[in-house]
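A short worksheet on the structure shown next.
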Amino acid sequence: MERLNLTVAPEDDGAEVYHLLRQRLHLSTALLRRLKTVPDGILLDGAHVTVRVRARAGQILSILPEPEGPRRVAPEAGPLDIVYEDADLLVLCKPAGLAVHPSPGHEGDTLANYVAAYLGGESAFHAVNRLDRGTSGLMCVARHKLAAQRLARQVQDGTLRRAYRAVADSVGLPETGVIDDPIGRVAGNGIRRQIAPDGQRAVTRFWRLAEGPCRTLLRLALETGRTHQIRVHLASLGHPVAGDFLYGTELDWLDGFALHSAELTLLQPLSGAPLSFYREPPEYFARILSEPSLPATK
């Protein structure tokens with residue numbers, strides 16, 4: 001794995017390595033703690049140093065972006081739709097029906113397993129934005145711990161932005177609107193979420209793009225990132241995502257539902273260059289939108 005290098009600037013002459021790692025490279029405390037346990041985790045002009053050593057202007061401070069650790073995901077070869085790739089991140093388009101992380105019943109056939117096999121070596125799986133198994137579309141995966149940390153900060157401060165396409169059951173939604181309702185867990189159910197006054201704040205903006213005989217195509221943008229946010233918010237309006245087995249009515253012929261991560265905008269985590277991606281929804285969106293009637297509720 002390539003190292004991350006920083007040339008000590010004149011204004012940082014005499015600064016402690018700790019200061020440079022925290023203030024110039026913006027390393028988290030957890031990553032810094034791991035780096036200190038690795039023999040070549042922190043180098044100054046090629047020599048191992050402690051974080052209390054003072055650096056001189058012109059010296060090269062070098063770190064491992066991903067200190068070695070136990071592999072969390074077993075590699076397994078599988079198809080990947082790679083939209084963009086560089087030394088720090090991958091942008092992938094995930095199909096509906098593919099789980100992101102291993103779980104009971106999906107131990108090896110997940111996106112995490114496929115990415116682990118693709119990256120090889122000691123690479124770990126760092127999903128920046130996660131998608132439900134039934135959701136398709138764009139996902140960002142960091143290739144090392146430092147990129148993951150910086151991209152997570154972008155999620156938190158809103159720099160990393162996501163917009164979705166969804167086909168919602170029923171018609172009659174306004175041209176645009178904002179759903180600002182808190183979301184919380186359903187007691188006794190580890191999966192379901194619901195609108196709850198004491199839940200976490202959740203804000204979804206939507207725009208009506210088209211209407212079919214009995215369904216509506218929407219663009220939705222997240223201001224927060226709660227579990228099942230779009231699915232819960234649309235269901236709370238009486239317009240659940242088409243095919244959503246948990247909050248609406250399942251479609252027998254579709255392994256997933258009509259929710260697609262179409263737009264992803266972020267900053268390259270090390271260079272800061274703006275990156276923007278778009279991927280059209282799957283072809284079955286058109287079929288779902290044009291169906292003449294809703295399926296019978298089971």
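Chain identifiers are assigned as A, B, and so on, following the order in which chains appear in the structure tokens; residues are numbered from 1 within each chain, and ligands are numbered from 1 in order of appearance.
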Could you pull the residues within 8 Å of Leu217 (chain A), counting only C-alpha atoms, minus those fewer than 6 positions along the same chain, as a VMD selection string?
chain A and resid 165 to 168 208 to 211 289
Sel. of helix (DSSP H, G or I) residues, region 11-95 of chain A, as a ChimeraX atom specification
/A:11-12,17-24,29-35
Spatial neighbours of Leu90 (chain A), 6 Å, only C-alpha atoms, chain gap at least 6 places, as a PyMOL selection string:
chain A and resi 84+140-141
Write out as a ChimeraX atom specification the residues lying within 9 Å of Gly137 (chain A), counting only C-alpha atoms and excluding same-chain residues fewer than 6 positions away.
/A:92-96,131,164,259-263,279-282
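Around Ala196 (chain A), within 12 Å and counting only C-alpha atoms, the residues found are Asp180, Asp181, Pro182, Ile183, Gly184, Arg185, Val186, Ala187, Arg193, Gln194, Asp198, Gly199, Gln200, Arg201, Ala202, Val232, His233 and Ser236 of chain A, once anything fewer than 2 positions away on its own chain is removed.
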Any chance you can output those residues with all heavy atoms as a CSV table (one decimal), in the first residue's frame?
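So out-v1.csv came out as:
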```csv
chain,number,residue,atom,x,y,z
A,180,ASP,N,-39.9,16.3,7.3
A,180,ASP,CA,-39.1,16.6,8.5
A,180,ASP,C,-39.7,15.9,9.7
A,180,ASP,O,-40.4,16.6,10.5
A,180,ASP,CB,-38.9,18.1,8.7
A,180,ASP,CG,-37.9,18.4,9.8
A,180,ASP,OD1,-37.5,17.5,10.5
A,180,ASP,OD2,-37.5,19.6,9.9
A,181,ASP,N,-39.5,14.6,9.8
A,181,ASP,CA,-40.1,13.8,10.9
A,181,ASP,C,-39.0,12.9,11.5
A,181,ASP,O,-38.3,12.2,10.7
A,181,ASP,CB,-41.3,13.0,10.4
A,181,ASP,CG,-42.5,13.8,10.0
A,181,ASP,OD1,-42.8,14.7,10.8
A,181,ASP,OD2,-43.0,13.6,8.9
A,182,PRO,N,-38.9,12.9,12.8
A,182,PRO,CA,-37.9,12.0,13.4
A,182,PRO,C,-38.2,10.6,13.3
A,182,PRO,O,-39.3,10.2,13.2
A,182,PRO,CB,-37.9,12.5,14.9
A,182,PRO,CG,-39.3,13.0,15.1
A,182,PRO,CD,-39.7,13.7,13.8
A,183,ILE,N,-37.1,9.8,13.2
A,183,ILE,CA,-37.2,8.3,13.0
A,183,ILE,C,-36.6,7.6,14.2
A,183,ILE,O,-35.5,8.0,14.6
A,183,ILE,CB,-36.6,7.9,11.7
A,183,ILE,CG1,-37.3,8.5,10.5
A,183,ILE,CG2,-36.4,6.4,11.6
A,183,ILE,CD1,-36.7,8.3,9.1
A,184,GLY,N,-37.3,6.6,14.7
A,184,GLY,CA,-36.8,5.8,15.8
A,184,GLY,C,-37.1,4.3,15.5
A,184,GLY,O,-37.7,3.9,14.5
A,185,ARG,N,-36.6,3.5,16.4
A,185,ARG,CA,-36.8,2.0,16.3
A,185,ARG,C,-38.2,1.6,16.7
A,185,ARG,O,-38.9,2.4,17.4
A,185,ARG,CB,-35.8,1.3,17.2
A,185,ARG,CG,-34.3,1.5,16.8
A,185,ARG,CD,-33.4,0.7,17.8
A,185,ARG,NE,-32.0,0.9,17.4
A,185,ARG,CZ,-31.4,0.0,16.6
A,185,ARG,NH1,-32.1,-1.0,16.1
A,185,ARG,NH2,-30.1,0.2,16.3
A,186,VAL,N,-38.6,0.5,16.2
A,186,VAL,CA,-39.9,-0.1,16.6
A,186,VAL,C,-39.5,-1.1,17.8
A,186,VAL,O,-38.7,-2.0,17.6
A,186,VAL,CB,-40.5,-0.9,15.5
A,186,VAL,CG1,-41.8,-1.6,15.9
A,186,VAL,CG2,-40.9,0.1,14.3
A,187,ALA,N,-40.2,-0.9,18.9
A,187,ALA,CA,-39.9,-1.7,20.1
A,187,ALA,C,-40.0,-3.2,19.7
A,187,ALA,O,-41.1,-3.6,19.1
A,187,ALA,CB,-40.8,-1.3,21.2
A,193,ARG,N,-38.1,0.6,11.4
A,193,ARG,CA,-38.1,1.9,11.9
A,193,ARG,C,-39.4,2.6,11.7
A,193,ARG,O,-40.3,2.1,10.9
A,193,ARG,CB,-37.0,2.8,11.2
A,193,ARG,CG,-35.6,2.2,11.4
A,193,ARG,CD,-35.1,2.2,12.8
A,193,ARG,NE,-33.7,1.9,12.9
A,193,ARG,CZ,-33.1,0.7,13.0
A,193,ARG,NH1,-33.9,-0.3,13.0
A,193,ARG,NH2,-31.8,0.6,13.1
A,194,GLN,N,-39.7,3.7,12.5
A,194,GLN,CA,-41.0,4.3,12.4
A,194,GLN,C,-40.8,5.8,12.7
A,194,GLN,O,-39.8,6.2,13.3
A,194,GLN,CB,-41.9,3.7,13.4
A,194,GLN,CG,-41.5,3.9,14.9
A,194,GLN,CD,-42.4,3.2,15.9
A,194,GLN,OE1,-43.5,2.7,15.5
A,194,GLN,NE2,-42.0,3.1,17.1
A,198,ASP,N,-39.6,10.9,19.8
A,198,ASP,CA,-38.3,10.9,20.5
A,198,ASP,C,-37.2,10.3,19.7
A,198,ASP,O,-36.1,10.0,20.2
A,198,ASP,CB,-38.5,10.2,21.8
A,198,ASP,CG,-38.9,8.7,21.6
A,198,ASP,OD1,-39.3,8.4,20.5
A,198,ASP,OD2,-38.8,7.9,22.6
A,199,GLY,N,-37.4,10.1,18.3
A,199,GLY,CA,-36.4,9.6,17.5
A,199,GLY,C,-35.4,10.6,17.0
A,199,GLY,O,-35.4,11.8,17.5
A,200,GLN,N,-34.5,10.2,16.1
A,200,GLN,CA,-33.5,11.1,15.6
A,200,GLN,C,-34.1,12.0,14.5
A,200,GLN,O,-34.9,11.5,13.7
A,200,GLN,CB,-32.3,10.3,15.1
A,200,GLN,CG,-31.5,9.6,16.1
A,200,GLN,CD,-30.4,8.8,15.5
A,200,GLN,OE1,-30.6,7.9,14.7
A,200,GLN,NE2,-29.1,9.1,15.9
A,201,ARG,N,-33.6,13.2,14.4
A,201,ARG,CA,-34.2,14.1,13.4
A,201,ARG,C,-33.8,13.5,12.0
A,201,ARG,O,-32.7,13.1,11.7
A,201,ARG,CB,-33.6,15.5,13.5
A,201,ARG,CG,-34.1,16.5,12.5
A,201,ARG,CD,-33.7,17.9,12.9
A,201,ARG,NE,-34.4,18.9,12.0
A,201,ARG,CZ,-33.8,19.5,10.9
A,201,ARG,NH1,-32.5,19.2,10.7
A,201,ARG,NH2,-34.5,20.3,10.2
A,202,ALA,N,-34.8,13.6,11.1
A,202,ALA,CA,-34.6,13.1,9.8
A,202,ALA,C,-35.3,14.0,8.8
A,202,ALA,O,-36.5,14.3,8.9
A,202,ALA,CB,-35.2,11.6,9.6
A,232,VAL,N,-39.1,4.9,5.2
A,232,VAL,CA,-40.0,5.3,6.3
A,232,VAL,C,-40.8,6.6,6.0
A,232,VAL,O,-42.0,6.7,6.3
A,232,VAL,CB,-39.2,5.4,7.7
A,232,VAL,CG1,-40.1,5.9,8.8
A,232,VAL,CG2,-38.7,4.0,8.1
A,233,HIS,N,-40.1,7.6,5.5
A,233,HIS,CA,-40.7,8.9,5.3
A,233,HIS,C,-41.8,8.7,4.2
A,233,HIS,O,-42.9,9.3,4.4
A,233,HIS,CB,-39.7,9.9,4.8
A,233,HIS,CG,-39.0,10.6,6.0
A,233,HIS,ND1,-37.9,11.4,5.8
A,233,HIS,CD2,-39.4,10.7,7.3
A,233,HIS,CE1,-37.6,12.0,7.0
A,233,HIS,NE2,-38.5,11.5,7.9
A,236,SER,N,-44.8,6.9,5.5
A,236,SER,CA,-45.5,7.8,6.5
A,236,SER,C,-46.5,8.7,5.8
A,236,SER,O,-47.5,9.1,6.4
A,236,SER,CB,-44.6,8.6,7.4
A,236,SER,OG,-44.0,9.6,6.7
```
Determine, using only C-alpha atoms, which residues of region 131-164 of chain A have any atom at most 12 Å from an atom of region 108-120 of chain A, and tabulate each with its shortest atom pair and distance in Å to one decimal place, rows ordered by chain and then rising number, as CSV.
```
residue,atom,partner,partner_atom,distance
A:Leu131,CA,A:Leu111,CA,10.6
A:Asp132,CA,A:Leu111,CA,11.5
A:Arg133,CA,A:Thr110,CA,9.4
A:Ser136,CA,A:Leu111,CA,11.9
A:Met139,CA,A:Leu111,CA,10.4
A:Cys140,CA,A:Val115,CA,11.5
A:Val141,CA,A:Val115,CA,8.8
A:Ala142,CA,A:Val115,CA,10.5
A:Arg143,CA,A:Leu119,CA,8.1
A:His144,CA,A:Leu119,CA,10.5
```
Name the residues in contact with Cys214 (chain A) at a cut-off of 7 Å, using only C-alpha atoms, excluding same-chain residues fewer than 3 positions from it; report them as a ChimeraX atom specification.
/A:169-171,292-294
Selected residues, N, CA, C and O atoms, written as an mmCIF file, in the first residue's frame, please.
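Okay, selection-v6.cif is ready:
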```
data_model
loop_
_atom_site.group_PDB
_atom_site.id
_atom_site.type_symbol
_atom_site.label_atom_id
_atom_site.label_comp_id
_atom_site.auth_asym_id
_atom_site.auth_seq_id
_atom_site.Cartn_x
_atom_site.Cartn_y
_atom_site.Cartn_z
ATOM 1 N N ASP A 169 -45.617 4.045 -4.532
ATOM 2 C CA ASP A 169 -46.982 3.599 -4.779
ATOM 3 C C ASP A 169 -47.947 4.761 -4.578
ATOM 4 O O ASP A 169 -47.814 5.532 -3.619
ATOM 5 N N SER A 170 -48.895 4.882 -5.490
ATOM 6 C CA SER A 170 -49.967 5.878 -5.517
ATOM 7 C C SER A 170 -49.492 7.188 -6.146
ATOM 8 O O SER A 170 -48.290 7.403 -6.363
ATOM 9 N N VAL A 171 -50.457 8.037 -6.440
ATOM 10 C CA VAL A 171 -50.199 9.319 -7.079
ATOM 11 C C VAL A 171 -50.760 10.433 -6.195
ATOM 12 O O VAL A 171 -51.370 10.178 -5.171
ATOM 13 N N PRO A 292 -50.428 -0.753 -14.784
ATOM 14 C CA PRO A 292 -51.760 -0.127 -14.723
ATOM 15 C C PRO A 292 -52.412 -0.147 -13.347
ATOM 16 O O PRO A 292 -53.347 0.625 -13.099
ATOM 17 N N SER A 293 -51.944 -1.033 -12.460
ATOM 18 C CA SER A 293 -52.575 -1.110 -11.143
ATOM 19 C C SER A 293 -51.569 -1.601 -10.124
ATOM 20 O O SER A 293 -50.555 -2.226 -10.471
ATOM 21 N N LEU A 294 -51.860 -1.308 -8.848
ATOM 22 C CA LEU A 294 -50.988 -1.755 -7.767
ATOM 23 C C LEU A 294 -51.269 -3.232 -7.470
ATOM 24 O O LEU A 294 -52.406 -3.698 -7.624
#
```
Å distance separating CA of Thr224 (chain A) from CA of Val178 (chain A), one decimal place:
12.3 Å
Every residue of region 45-277 of chain A that DSSP places in strand (DSSP E), as number ranges by chain:
A: 47-48, 60-63, 82-85, 89-94, 126-127, 136-142, 161-169, 176-180, 183-186, 189-195, 203-211, 215-222, 259-267, 274-277
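Counting only C-alpha atoms, the residue from A:Leu43, A:Leu146, A:Leu218, A:Leu267 that sits nearest to Pro240 (chain A) is A:Leu218.
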Contact residues around Leu31 (chain A) with only C-alpha atoms at 10 Å, ignoring same-chain residues under 2 positions, as a PyMOL selection string
chain A and resi 27-29+33-36+64-67+145-146+149
Selection file, N, CA, C and O atoms, as a JSON list (two decimals), in the first residue's frame:
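Generated output (out-v2.json):
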```json
[["chain", "number", "residue", "atom", "x", "y", "z"],
["A", 27, "LEU", "N", -5.53, 13.38, 11.25],
["A", 27, "LEU", "CA", -5.73, 12.00, 11.65],
["A", 27, "LEU", "C", -6.57, 11.94, 12.91],
["A", 27, "LEU", "O", -6.46, 12.77, 13.80],
["A", 28, "SER", "N", -7.40, 10.91, 12.99],
["A", 28, "SER", "CA", -8.20, 10.69, 14.20],
["A", 28, "SER", "C", -7.32, 10.12, 15.31],
["A", 28, "SER", "O", -6.24, 9.55, 15.06],
["A", 29, "THR", "N", -7.80, 10.23, 16.53],
["A", 29, "THR", "CA", -7.06, 9.66, 17.66],
["A", 29, "THR", "C", -6.93, 8.15, 17.51],
["A", 29, "THR", "O", -5.87, 7.58, 17.80],
["A", 33, "ARG", "N", -3.43, 6.13, 17.23],
["A", 33, "ARG", "CA", -3.10, 5.08, 18.21],
["A", 33, "ARG", "C", -2.62, 3.81, 17.51],
["A", 33, "ARG", "O", -1.67, 3.16, 17.94],
["A", 34, "ARG", "N", -3.27, 3.46, 16.40],
["A", 34, "ARG", "CA", -2.87, 2.26, 15.66],
["A", 34, "ARG", "C", -1.51, 2.46, 15.00],
["A", 34, "ARG", "O", -0.68, 1.56, 14.96],
["A", 35, "LEU", "N", -1.29, 3.64, 14.43],
["A", 35, "LEU", "CA", -0.02, 3.92, 13.76],
["A", 35, "LEU", "C", 1.17, 3.76, 14.71],
["A", 35, "LEU", "O", 2.23, 3.28, 14.32],
["A", 36, "LYS", "N", 0.98, 4.16, 15.97],
["A", 36, "LYS", "CA", 2.09, 4.11, 16.93],
["A", 36, "LYS", "C", 2.51, 2.68, 17.28],
["A", 36, "LYS", "O", 3.62, 2.47, 17.77],
["A", 64, "LEU", "N", 1.49, 5.19, 7.10],
["A", 64, "LEU", "CA", 0.69, 4.17, 6.44],
["A", 64, "LEU", "C", -0.78, 4.56, 6.56],
["A", 64, "LEU", "O", -1.29, 4.67, 7.68],
["A", 65, "PRO", "N", -1.49, 4.79, 5.45],
["A", 65, "PRO", "CA", -2.90, 5.16, 5.57],
["A", 65, "PRO", "C", -3.74, 4.08, 6.22],
["A", 65, "PRO", "O", -4.75, 4.36, 6.85],
["A", 66, "GLU", "N", -3.34, 2.82, 6.06],
["A", 66, "GLU", "CA", -4.09, 1.69, 6.60],
["A", 66, "GLU", "C", -3.15, 0.78, 7.36],
["A", 66, "GLU", "O", -2.56, -0.14, 6.78],
["A", 67, "PRO", "N", -2.91, 1.02, 8.66],
["A", 67, "PRO", "CA", -2.04, 0.11, 9.42],
["A", 67, "PRO", "C", -2.56, -1.30, 9.34],
["A", 67, "PRO", "O", -3.77, -1.54, 9.31],
["A", 145, "LYS", "N", -7.91, 3.46, 5.80],
["A", 145, "LYS", "CA", -8.51, 4.04, 7.00],
["A", 145, "LYS", "C", -8.56, 5.57, 6.95],
["A", 145, "LYS", "O", -9.54, 6.19, 7.35],
["A", 146, "LEU", "N", -7.49, 6.19, 6.46],
["A", 146, "LEU", "CA", -7.46, 7.65, 6.43],
["A", 146, "LEU", "C", -8.53, 8.20, 5.49],
["A", 146, "LEU", "O", -9.24, 9.16, 5.83],
["A", 149, "GLN", "N", -11.89, 7.88, 7.15],
["A", 149, "GLN", "CA", -12.09, 8.89, 8.19],
["A", 149, "GLN", "C", -12.50, 10.23, 7.58],
["A", 149, "GLN", "O", -13.43, 10.88, 8.04]]
```
Mind pulling up the distance from CA of Asp40 (chain A) to CA of Arg52 (chain A)?
15.8 Å
